[in-house]
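Note: the block below is target_21.cif and it holds mmCIF, C-alpha atoms and all ligand atoms.
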data_target
loop_
_atom_site.label_atom_id
_atom_site.label_comp_id
_atom_site.auth_asym_id
_atom_site.auth_seq_id
_atom_site.Cartn_x
_atom_site.Cartn_y
_atom_site.Cartn_z
CA MET Z 9 79.44 -108.40 90.61
CA LYS Z 10 75.95 -109.73 91.43
CA ILE Z 11 73.76 -106.99 92.88
CA GLY Z 12 70.85 -108.25 94.93
CA ILE Z 13 69.70 -109.77 98.21
CA GLU Z 14 72.45 -110.89 100.58
CA LYS Z 15 70.13 -111.38 103.59
CA ILE Z 16 66.33 -111.38 103.93
CA SER Z 17 63.97 -111.86 106.88
CA PHE Z 18 60.54 -110.80 108.12
CA PHE Z 19 58.77 -109.92 111.33
CA THR Z 20 55.08 -109.94 112.19
CA PRO Z 21 53.52 -108.93 115.53
CA PRO Z 22 52.81 -111.70 118.07
CA PHE Z 23 48.99 -111.42 117.80
CA TYR Z 24 46.60 -112.85 115.22
CA ILE Z 25 43.03 -113.93 114.58
CA GLU Z 26 41.61 -116.92 112.72
CA MET Z 27 39.67 -115.91 109.60
CA LYS Z 28 36.98 -118.48 110.35
CA HIS Z 29 36.34 -116.73 113.70
CA LEU Z 30 36.04 -113.38 111.91
CA ALA Z 31 33.65 -114.93 109.38
CA GLN Z 32 31.49 -116.29 112.20
CA ALA Z 33 31.40 -112.87 113.90
CA ARG Z 34 30.46 -111.15 110.63
CA ASP Z 35 27.88 -113.80 109.72
CA VAL Z 36 29.76 -114.71 106.54
CA ASP Z 37 30.42 -118.20 105.11
CA PRO Z 38 34.04 -118.95 106.25
CA ALA Z 39 34.77 -120.26 102.73
CA LYS Z 40 34.42 -116.69 101.43
CA TYR Z 41 37.48 -115.69 103.48
CA THR Z 42 39.52 -118.90 103.24
CA ILE Z 43 38.78 -119.70 99.57
CA GLY Z 44 37.17 -116.58 98.02
CA ILE Z 45 39.74 -114.19 99.55
CA GLY Z 46 42.33 -116.90 100.28
CA GLN Z 47 43.34 -116.04 103.85
CA ASP Z 48 43.52 -118.36 106.90
CA GLN Z 49 44.82 -116.03 109.62
CA MET Z 50 45.47 -112.30 110.02
CA ALA Z 51 48.20 -110.53 112.00
CA VAL Z 52 46.98 -107.85 114.44
CA SER Z 53 49.28 -105.02 115.54
CA PRO Z 54 48.60 -103.08 118.76
CA VAL Z 55 49.66 -99.41 118.83
CA HIS Z 56 53.02 -100.11 120.48
CA TYR Z 57 53.93 -102.42 117.57
CA ASP Z 58 53.90 -99.49 115.13
CA ALA Z 59 55.50 -99.59 111.67
CA VAL Z 60 58.87 -98.45 113.04
CA ALA Z 61 58.87 -101.11 115.79
CA LEU Z 62 57.95 -103.79 113.23
CA ALA Z 63 60.78 -102.56 110.98
CA ILE Z 64 63.34 -102.61 113.80
CA ASN Z 65 62.36 -106.17 114.71
CA ALA Z 66 62.68 -107.25 111.07
CA GLY Z 67 66.09 -105.53 110.91
CA ILE Z 68 67.25 -107.32 114.08
CA SER Z 69 66.26 -110.65 112.56
CA LEU Z 70 68.76 -110.12 109.71
CA ASP Z 71 71.53 -110.79 112.29
CA LEU Z 72 73.68 -108.03 110.80
CA THR Z 73 77.38 -108.47 111.54
CA ALA Z 74 79.73 -105.68 112.66
CA ALA Z 75 81.07 -105.64 109.09
CA ASP Z 76 77.54 -105.25 107.66
CA LYS Z 77 76.86 -102.34 110.02
CA ALA Z 78 80.08 -100.64 108.92
CA GLU Z 79 79.32 -101.16 105.21
CA ILE Z 80 75.65 -100.09 105.21
CA ASP Z 81 75.65 -96.47 104.06
CA THR Z 82 71.95 -96.16 103.20
CA ILE Z 83 68.80 -97.19 105.09
CA ILE Z 84 65.46 -96.92 103.33
CA LEU Z 85 62.19 -97.51 105.15
CA ALA Z 86 59.40 -98.18 102.65
CA THR Z 87 56.05 -97.59 104.32
CA GLU Z 88 52.60 -96.08 104.02
CA SER Z 89 52.11 -96.32 107.80
CA GLY Z 90 54.67 -93.64 108.72
CA VAL Z 91 54.62 -92.26 112.27
CA ASP Z 92 55.80 -88.72 111.50
CA HIS Z 93 55.15 -86.32 108.62
CA SER Z 94 58.73 -85.06 108.78
CA LYS Z 95 61.26 -87.32 110.51
CA SER Z 96 61.91 -90.62 108.75
CA GLY Z 97 61.35 -93.91 110.55
CA SER Z 98 64.81 -94.93 109.31
CA THR Z 99 66.44 -92.68 111.91
CA TRP Z 100 65.06 -94.89 114.73
CA ILE Z 101 66.10 -97.99 112.76
CA HIS Z 102 69.61 -96.51 112.39
CA ARG Z 103 69.87 -96.02 116.16
CA ALA Z 104 68.32 -99.36 117.15
CA LEU Z 105 70.50 -101.43 114.80
CA GLY Z 106 73.72 -99.52 115.54
CA ILE Z 107 74.52 -98.62 111.93
CA GLN Z 108 77.66 -96.50 111.43
CA PRO Z 109 77.04 -92.72 111.54
CA HIS Z 110 78.05 -91.92 107.92
CA ALA Z 111 74.86 -93.44 106.56
CA ARG Z 112 71.82 -91.74 105.03
CA ALA Z 113 68.43 -92.69 106.48
CA ILE Z 114 65.25 -91.96 104.55
CA GLU Z 115 61.63 -93.04 104.15
CA MET Z 116 59.84 -93.66 100.84
CA LYS Z 117 56.16 -93.77 99.95
CA GLN Z 118 54.09 -94.95 97.01
CA ALA Z 119 51.48 -97.20 98.59
CA CYS Z 120 52.52 -100.88 98.45
CA TYR Z 121 55.09 -100.27 95.69
CA SER Z 122 57.79 -98.23 97.47
CA ALA Z 123 60.01 -101.12 98.61
CA THR Z 124 60.53 -101.96 94.94
CA ALA Z 125 61.49 -98.34 94.21
CA ALA Z 126 63.90 -98.56 97.16
CA ILE Z 127 65.49 -101.70 95.68
CA ARG Z 128 65.88 -100.11 92.23
CA LEU Z 129 67.54 -97.02 93.79
CA ALA Z 130 69.75 -99.25 95.93
CA MET Z 131 70.88 -101.17 92.82
CA GLY Z 132 72.00 -97.95 91.14
CA HIS Z 133 73.78 -96.82 94.30
CA ILE Z 134 75.58 -100.16 94.79
CA SER Z 135 76.68 -100.27 91.15
CA LEU Z 136 78.46 -96.94 91.76
CA HIS Z 137 79.74 -98.01 95.20
CA PRO Z 138 80.19 -101.81 95.16
CA ASP Z 139 81.81 -101.78 98.61
CA LYS Z 140 78.64 -100.36 100.22
CA LYS Z 141 75.45 -102.10 101.36
CA VAL Z 142 71.88 -100.82 101.52
CA LEU Z 143 69.31 -101.82 104.12
CA VAL Z 144 65.75 -101.77 102.74
CA ILE Z 145 62.91 -102.42 105.16
CA ALA Z 146 59.27 -102.56 104.04
CA SER Z 147 56.96 -102.17 107.03
CA ASP Z 148 53.23 -101.59 107.28
CA ILE Z 149 50.00 -102.07 109.19
CA ALA Z 150 46.96 -102.66 106.99
CA ASN Z 151 43.98 -101.40 108.98
CA TYR Z 152 40.73 -100.78 107.08
CA GLY Z 153 38.60 -100.76 110.22
CA ILE Z 154 36.08 -103.21 111.61
CA HIS Z 155 32.92 -104.02 109.64
CA THR Z 156 34.41 -102.70 106.37
CA PRO Z 157 34.66 -104.75 103.12
CA GLY Z 158 38.45 -104.51 103.43
CA GLU Z 159 38.42 -106.02 106.95
CA PRO Z 160 39.35 -109.59 105.87
CA THR Z 161 42.29 -108.21 103.87
CA GLN Z 162 44.12 -106.55 106.78
CA GLY Z 163 47.43 -107.64 108.33
CA ALA Z 164 50.78 -106.31 109.56
CA GLY Z 165 54.48 -106.97 109.30
CA ALA Z 166 57.85 -105.98 107.93
CA VAL Z 167 60.40 -107.48 105.54
CA ALA Z 168 64.07 -106.51 105.86
CA MET Z 169 66.59 -106.98 103.05
CA LEU Z 170 70.32 -106.38 103.00
CA LEU Z 171 71.32 -105.51 99.44
CA SER Z 172 74.88 -105.64 98.25
CA SER Z 173 77.17 -106.46 95.32
CA ASP Z 174 77.57 -109.95 96.85
CA ALA Z 175 74.03 -111.28 96.32
CA LYS Z 176 73.98 -114.59 98.17
CA ILE Z 177 70.24 -115.25 97.76
CA MET Z 178 68.93 -113.47 94.66
CA ALA Z 179 70.62 -111.29 92.02
CA PHE Z 180 68.32 -108.79 90.33
CA ASP Z 181 68.29 -108.28 86.56
CA THR Z 182 69.05 -104.72 85.50
CA GLN Z 183 66.09 -104.69 83.10
CA SER Z 184 62.69 -103.96 84.62
CA VAL Z 185 59.62 -102.05 83.49
CA PRO Z 186 57.53 -99.74 85.69
CA TYR Z 187 54.04 -98.48 84.80
CA THR Z 188 52.29 -95.45 86.29
CA VAL Z 189 48.73 -94.20 85.94
CA GLU Z 190 47.06 -91.58 88.18
CA ILE Z 191 43.90 -93.16 89.64
CA SER Z 192 42.13 -93.34 93.02
CA ASP Z 193 41.60 -97.03 93.76
CA PHE Z 194 42.97 -97.03 97.32
CA TRP Z 195 44.29 -94.00 99.18
CA ARG Z 196 44.59 -92.54 102.69
CA PRO Z 197 44.29 -88.75 102.96
CA LEU Z 198 46.40 -87.06 105.68
CA TYR Z 199 43.27 -86.49 107.79
CA SER Z 200 42.25 -90.16 107.90
CA ASP Z 201 43.52 -93.05 110.04
CA THR Z 202 42.10 -95.64 107.66
CA PRO Z 203 42.23 -95.84 103.87
CA PHE Z 204 39.45 -95.23 101.39
CA VAL Z 205 39.18 -97.99 98.86
CA ASP Z 206 37.08 -98.83 95.84
CA GLY Z 207 37.55 -102.58 96.27
CA LYS Z 208 36.35 -103.95 92.94
CA TYR Z 209 37.99 -101.12 91.01
CA SER Z 210 41.27 -101.72 92.90
CA ASN Z 211 41.27 -105.36 91.75
CA GLN Z 212 40.73 -104.24 88.16
CA ALA Z 213 43.38 -101.49 88.43
CA TYR Z 214 45.87 -104.01 89.81
CA VAL Z 215 45.40 -106.36 86.84
CA GLU Z 216 45.45 -103.53 84.27
CA THR Z 217 48.66 -102.14 85.81
CA PHE Z 218 50.17 -105.62 85.74
CA GLN Z 219 49.27 -105.97 82.04
CA GLY Z 220 50.80 -102.54 81.33
CA ALA Z 221 54.09 -103.40 83.05
CA TRP Z 222 54.17 -106.97 81.68
CA ASN Z 223 53.59 -105.93 78.07
CA GLY Z 224 56.36 -103.32 78.40
CA TYR Z 225 58.64 -105.97 79.89
CA LYS Z 226 57.96 -108.43 77.09
CA ALA Z 227 58.66 -105.74 74.47
CA LEU Z 228 61.90 -104.71 76.19
CA THR Z 229 63.34 -108.16 76.89
CA GLY Z 230 61.67 -110.50 74.41
CA ARG Z 231 60.95 -112.84 77.32
CA VAL Z 232 57.68 -114.78 77.64
CA ALA Z 233 55.94 -116.05 80.79
CA THR Z 234 57.31 -119.57 80.47
CA ASP Z 235 60.89 -118.23 80.55
CA PHE Z 236 60.31 -117.95 84.31
CA ASP Z 237 60.40 -120.72 86.90
CA ALA Z 238 57.93 -118.84 89.09
CA LEU Z 239 55.83 -115.69 88.98
CA LEU Z 240 55.34 -113.80 92.25
CA PHE Z 241 53.01 -110.90 92.97
CA HIS Z 242 52.11 -108.19 95.45
CA VAL Z 243 49.68 -110.04 97.74
CA PRO Z 244 46.93 -107.85 99.27
CA TYR Z 245 45.12 -111.18 99.74
CA THR Z 246 46.24 -114.43 98.17
CA LYS Z 247 43.39 -114.69 95.62
CA MET Z 248 44.71 -111.54 93.92
CA GLY Z 249 47.81 -113.28 92.53
CA LYS Z 250 45.62 -116.05 91.14
CA LYS Z 251 43.41 -113.51 89.39
CA THR Z 252 46.54 -112.02 87.83
CA LEU Z 253 47.81 -115.40 86.65
CA GLN Z 254 44.36 -115.99 85.13
CA SER Z 255 44.70 -112.69 83.27
CA LEU Z 256 47.84 -114.13 81.64
CA ALA Z 257 45.81 -117.12 80.47
CA ALA Z 258 43.11 -114.78 79.12
CA THR Z 259 45.71 -112.94 77.00
CA GLY Z 260 47.17 -116.21 75.72
CA ASP Z 261 50.47 -115.79 77.63
CA LEU Z 262 49.71 -119.04 79.51
CA THR Z 263 47.96 -122.23 78.42
CA ASP Z 264 45.65 -124.19 80.77
CA GLU Z 265 48.60 -126.44 81.59
CA THR Z 266 51.17 -123.69 82.30
CA LEU Z 267 48.53 -121.74 84.26
CA SER Z 268 48.03 -124.71 86.55
CA THR Z 269 51.83 -125.16 86.99
CA PHE Z 270 52.35 -121.48 87.89
CA THR Z 271 49.29 -121.54 90.19
CA ALA Z 272 50.65 -124.56 92.11
CA ILE Z 273 54.00 -122.76 92.58
CA TYR Z 274 52.20 -119.56 93.61
CA ASP Z 275 50.25 -121.52 96.27
CA GLU Z 276 53.57 -122.38 97.96
CA ALA Z 277 54.77 -118.81 97.57
CA VAL Z 278 51.88 -117.49 99.66
CA ILE Z 279 51.99 -119.95 102.57
CA TYR Z 280 53.24 -117.18 104.88
CA ASN Z 281 50.92 -114.54 103.36
CA ARG Z 282 47.89 -116.72 104.12
CA ARG Z 283 48.86 -116.50 107.81
CA VAL Z 284 49.91 -112.83 108.00
CA GLY Z 285 47.51 -111.01 105.66
CA ASN Z 286 48.37 -107.82 103.84
CA LEU Z 287 51.55 -106.05 104.88
CA TYR Z 288 51.29 -103.54 102.04
CA THR Z 289 54.92 -102.67 101.05
CA GLY Z 290 56.29 -105.98 102.31
CA SER Z 291 53.68 -108.30 100.78
CA LEU Z 292 55.54 -109.17 97.57
CA TYR Z 293 58.73 -109.75 99.55
CA LEU Z 294 56.98 -111.92 102.16
CA SER Z 295 55.79 -113.98 99.21
CA LEU Z 296 59.38 -114.15 97.96
CA ILE Z 297 60.49 -115.46 101.40
CA SER Z 298 57.64 -117.98 101.37
CA PHE Z 299 58.70 -119.10 97.89
CA LEU Z 300 62.39 -119.39 98.87
CA GLU Z 301 61.64 -121.30 102.07
CA GLN Z 302 58.60 -123.39 101.10
CA ALA Z 303 58.45 -123.95 97.32
CA GLU Z 304 59.90 -126.97 95.57
CA ALA Z 305 60.55 -124.83 92.49
CA ALA Z 306 63.05 -122.73 94.47
CA ARG Z 307 66.45 -123.98 93.30
CA ALA Z 308 69.74 -122.39 92.35
CA GLY Z 309 69.62 -120.79 88.91
CA ALA Z 310 65.80 -120.43 88.93
CA ARG Z 311 64.59 -117.24 87.24
CA ILE Z 312 61.80 -115.52 89.17
CA GLY Z 313 59.47 -112.88 87.69
CA MET Z 314 57.95 -110.43 90.17
CA PHE Z 315 55.17 -107.87 89.98
CA SER Z 316 55.03 -105.04 92.49
CA TYR Z 317 51.86 -102.91 92.77
CA GLY Z 318 51.07 -99.77 94.73
CA SER Z 319 47.63 -98.20 94.43
CA GLY Z 320 47.39 -94.76 93.01
CA ALA Z 321 48.96 -96.45 90.93
CA VAL Z 322 52.50 -97.65 90.17
CA GLY Z 323 53.44 -101.17 89.16
CA GLU Z 324 56.71 -102.73 88.07
CA PHE Z 325 57.65 -106.08 86.56
CA PHE Z 326 61.19 -107.21 87.27
CA ALA Z 327 63.15 -110.42 87.68
CA GLY Z 328 65.91 -112.11 89.62
CA GLU Z 329 67.96 -115.28 89.65
CA LEU Z 330 68.52 -117.55 92.65
CA MET Z 331 72.15 -117.92 93.65
CA PRO Z 332 74.05 -121.19 94.31
CA ASN Z 333 73.45 -122.43 97.89
CA PHE Z 334 70.92 -119.64 98.50
CA GLU Z 335 69.04 -121.93 100.94
CA THR Z 336 71.91 -121.83 103.44
CA TYR Z 337 71.29 -118.08 103.93
CA LEU Z 338 67.56 -118.42 104.75
CA GLN Z 339 65.87 -118.46 108.17
CA LYS Z 340 63.06 -120.96 107.61
CA GLU Z 341 62.91 -122.31 111.16
CA ARG Z 342 62.94 -118.84 112.74
CA HIS Z 343 60.08 -117.72 110.48
CA GLU Z 344 57.95 -120.81 111.10
CA GLN Z 345 58.41 -120.36 114.85
CA LEU Z 346 57.51 -116.68 114.64
CA LEU Z 347 54.20 -117.63 113.01
CA ASP Z 348 53.54 -120.65 115.25
CA HIS Z 349 54.16 -118.83 118.54
CA ARG Z 350 51.71 -115.96 118.28
CA PHE Z 351 48.84 -115.20 120.69
CA LEU Z 352 45.41 -115.98 119.25
CA LEU Z 353 42.96 -113.11 119.91
CA ASP Z 354 39.21 -113.56 120.09
CA ILE Z 355 37.17 -111.20 117.92
CA PRO Z 356 36.06 -108.75 120.70
CA THR Z 357 39.73 -108.35 121.79
CA TYR Z 358 40.83 -107.89 118.15
CA GLU Z 359 38.18 -105.17 117.72
CA MET Z 360 39.45 -103.42 120.85
CA VAL Z 361 43.08 -103.59 119.67
CA LEU Z 362 42.21 -102.34 116.19
CA SER Z 363 40.22 -99.38 117.51
CA GLU Z 364 42.92 -98.24 119.94
CA ARG Z 365 44.68 -94.96 119.08
CA ILE Z 366 47.64 -93.23 120.74
CA ALA Z 367 46.36 -90.24 122.72
CA VAL Z 368 49.08 -87.98 124.16
CA ASP Z 369 48.27 -85.71 127.12
CA GLU Z 370 48.68 -81.91 127.02
CA ALA Z 371 52.43 -82.20 127.55
CA GLY Z 372 52.74 -84.70 124.70
CA ASN Z 373 53.21 -87.76 126.91
CA TRP Z 374 51.93 -91.33 126.48
CA LEU Z 375 53.03 -94.63 127.96
CA ALA Z 376 52.56 -98.04 126.30
CA ASP Z 377 51.43 -101.14 128.17
CA THR Z 378 54.55 -103.09 127.20
CA SER Z 379 53.41 -106.18 129.12
CA LEU Z 380 51.45 -106.83 125.90
CA GLY Z 381 54.21 -108.27 123.76
CA ARG Z 382 56.90 -110.87 123.58
CA PRO Z 383 60.23 -110.59 125.44
CA GLY Z 384 63.12 -109.91 123.09
CA GLN Z 385 60.97 -107.81 120.74
CA VAL Z 386 61.23 -104.05 120.25
CA VAL Z 387 58.14 -101.90 120.86
CA LEU Z 388 57.21 -98.23 121.11
CA GLU Z 389 57.81 -97.65 124.84
CA LYS Z 390 56.50 -94.12 125.24
CA ILE Z 391 55.99 -90.71 123.76
CA SER Z 392 57.59 -88.06 125.93
CA ALA Z 393 57.21 -84.36 125.03
CA HIS Z 394 55.98 -85.59 121.60
CA LYS Z 395 59.19 -87.61 121.03
CA ARG Z 396 58.97 -91.37 120.37
CA TYR Z 397 61.12 -93.86 122.30
CA TYR Z 398 61.51 -97.52 121.43
CA LYS Z 399 62.81 -100.29 123.70
CA MET Z 400 63.31 -104.03 123.76
CA ILE Z 401 60.88 -105.75 126.13
N1 LIG Z 501 32.81 -119.56 99.10
C1 LIG Z 501 33.85 -119.35 98.27
N2 LIG Z 501 34.07 -118.15 97.66
C2 LIG Z 501 33.24 -117.14 97.92
C3 LIG Z 501 32.13 -117.30 98.77
C4 LIG Z 501 31.92 -118.58 99.38
N3 LIG Z 501 30.92 -118.80 100.21
N4 LIG Z 501 31.48 -116.11 98.84
C5 LIG Z 501 32.14 -115.24 98.04
N5 LIG Z 501 33.20 -115.86 97.49
C6 LIG Z 501 34.20 -115.30 96.58
C7 LIG Z 501 33.64 -114.37 95.54
O1 LIG Z 501 33.13 -115.09 94.43
C8 LIG Z 501 34.85 -113.54 95.19
O2 LIG Z 501 35.70 -114.27 94.35
P1 LIG Z 501 36.27 -113.57 92.99
O3 LIG Z 501 36.99 -112.30 93.44
O4 LIG Z 501 37.21 -114.58 92.43
O5 LIG Z 501 35.11 -113.26 92.15
C9 LIG Z 501 35.58 -113.42 96.53
O6 LIG Z 501 35.05 -114.45 97.37
C10 LIG Z 501 35.38 -112.08 97.22
O7 LIG Z 501 33.99 -111.87 97.28
P2 LIG Z 501 33.41 -110.41 97.01
O8 LIG Z 501 34.00 -109.84 95.75
O9 LIG Z 501 31.93 -110.48 97.13
O10 LIG Z 501 34.03 -109.69 98.29
P3 LIG Z 501 33.85 -108.24 98.80
O11 LIG Z 501 32.89 -107.45 98.01
O12 LIG Z 501 33.56 -108.39 100.24
O13 LIG Z 501 35.29 -107.55 98.57
C11 LIG Z 501 37.57 -107.11 98.28
C12 LIG Z 501 36.51 -108.20 98.38
C13 LIG Z 501 37.25 -106.18 97.13
C14 LIG Z 501 38.93 -107.76 98.05
C15 LIG Z 501 37.60 -106.31 99.63
O14 LIG Z 501 37.97 -107.14 100.68
C16 LIG Z 501 38.49 -105.10 99.61
O15 LIG Z 501 38.09 -104.00 99.24
N6 LIG Z 501 39.81 -105.24 100.05
C17 LIG Z 501 40.75 -104.14 100.07
C18 LIG Z 501 41.22 -103.71 98.70
C19 LIG Z 501 42.22 -104.66 98.08
O16 LIG Z 501 42.87 -105.44 98.74
N7 LIG Z 501 42.39 -104.56 96.76
C20 LIG Z 501 43.35 -105.36 96.04
C21 LIG Z 501 43.93 -104.62 94.88
S1 LIG Z 501 44.64 -103.06 95.42
C22 LIG Z 501 46.14 -103.48 96.11
O17 LIG Z 501 46.63 -104.55 95.89
C23 LIG Z 501 46.82 -102.51 97.01
C24 LIG Z 501 46.64 -102.96 98.41
O18 LIG Z 501 47.46 -103.69 98.95
C25 LIG Z 501 45.45 -102.49 99.12
#
Structure translated into structure tokens:
Amino acid sequence: MKIGIEKISFFTPPFYIEMKHLAQARDVDPAKYTIGIGQDQMAVSPVHYDAVALAINAGISLDLTAADKAEIDTIILATESGVDHSKSGSTWIHRALGIQPHARAIEMKQACYSATAAIRLAMGHISLHPDKKVLVIASDIANYGIHTPGEPTQGAGAVAMLLSSDAKIMAFDTQSVPYTVEISDFWRPLYSDTPFVDGKYSNQAYVETFQGAWNGYKALTGRVATDFDALLFHVPYTKMGKKTLQSLAATGDLTDETLSTFTAIYDEAVIYNRRVGNLYTGSLYLSLISFLEQAEAARAGARIGMFSYGSGAVGEFFAGELMPNFETYLQKERHEQLLDHRFLLDIPTYEMVLSERIAVDEAGNWLADTSLGRPGQVVLEKISAHKRYYKMI
């Protein structure tokens, strides 16, 4: 029994900006964004592409079969962009994807980390019920607001994973090491639409949490960095993973030579992230898809180390092994087309989209302008008497 990823796909909204245009508008040297931060483009999500709509679209792109839908007994939406304090986004996903009724549907939160928690819970569940499958979808919209230091590190998207005891793409190791410390590096209080963030401190907290999890992992498993064929990271912006690799060189875990090998592999593992930006919970898993679909080092039997980080803060270091013929289960062409066929927004339009908020009338009604979207994609159609309705355009 190999517990892990049987299917994996992602979705990002059909709108984006070029980072060099944003740099020009903010009177910043474009190299700060493209080299210093390491981002080329940034996905922009209008209000009708909310986190649930993004998740449904990612779920659709898994091409679940009738057998999958009958075997999925748990749906977990991992998000920090939830649309309701009470009802889980997974209930809409359950309806939209036509999953059998005897399934549980829940939502999990711990900043950008919760998809990893969802996977670990799913592994335990599947080991008890090997005939069942778990659908994990990580979906988020990173919106710091215009003219903020976090602005160039925004983005949006969702990654969907079908987990089962028949891992066709990646089998996860049972050993992994989490690391928790209560801090306030990035957080979004219930009364705020946008997060508060102590940018420099969040970078430092990320690396310290990585070191905490990594040292625990080394002690538990006896493995060293060079036992891995690639090291992947949560990617709030692509420079962050490089900083973390450099921290491994500073502690003597990597030499100059192995640092440059892992950095070259990491560069291929963030090709998609450079074009999407931060998708919070899904960022590590978008990097995994980029690695699987774009990196030369991705080959059957490769052992991949992964670090998941969620501010506040929880991190976890874990690993997986690529399965024979894993490449035949990927959707490279679909993903490249998704990224290539987006609408480019100019900066004034992006600012308008980012500032838009849903405002229901006294009866709790609101109607989306669904002409803004791509046919075949699911969007939030309306809010009627405070209830949300999604439809395919
Ligand atoms: N050419 C090339 N590089 C340049 C440059 C130029 N002209 N100008 C500046 N740079 C470099 C800087 O040297 C710096 O590089 P290093 O980090 O390697 O030193 C980099 O560009 C960024 O410059 P600054 O540090 O001056 O940038 P800033 O003060 O505007 O803030 C930031 C950057 C802290 C990442 C900010 O965008 C931010 O707060 N982002 C949100 C928080 C975040 O993403 N934190 C990450 C860890 S927390 C996490 O991971 C959870 C999550 O998802 C949010």
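The nearest approach to Lys140 (chain Z) among the residues Z:Tyr280, Z:Cys120, Z:Met178, Z:Lys77, with all atoms listed in the file taken into account, belongs to Z:Lys77.
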(Q) Just want the 12 Å neighbourhood of Ala227 (chain Z), counted on all atoms listed in the file, with same-chain residues fewer than 6 positions away dropped. Output as a count of residues only. (A) 5
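Closest approach to Ile43 (chain Z) from the set Z:His29, Z:Met248, Z:Ala59, Z:His242 is made by Z:Met248, with distances taken over only C-alpha atoms.
Proximal residues of ligand LIG 501 (chain Z) are Asp37, Ala39, Lys40, Ile43, Gly44, Ile45, Cys120, Pro157, Gly158, Pro160, Thr161, Gly207, Lys208, Ser210, Asn211, Tyr214, Pro244, Tyr288, Gly318 and Ser319 of chain Z, by a cut-off of 6 Å on all atoms listed in the file.
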Env of Phe241 (chain Z): 6 Å cut, atoms = only C-alpha atoms, seq-sep filter 5 positions within chain, self excluded. Answer as a compact mmCIF listing (two decimals) with C-alpha atoms, keeping the file's coordinate frame.
# COMPACT_ATOMS: atom_id res chain seq x y z
CA GLY Z 249 47.81 -113.28 92.53
CA LEU Z 292 55.54 -109.17 97.57
CA MET Z 314 57.95 -110.43 90.17
CA PHE Z 315 55.17 -107.87 89.98
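Nearest to Arg311 (chain Z) of all the residues Z:Thr234, Z:Gln345, Z:Thr263, Z:Ser363 is Z:Thr234, based on only C-alpha atoms.
Computed from the coordinates, the CA of Gln385 (chain Z) to CA of Met400 (chain Z) distance equals 5.4 Å.
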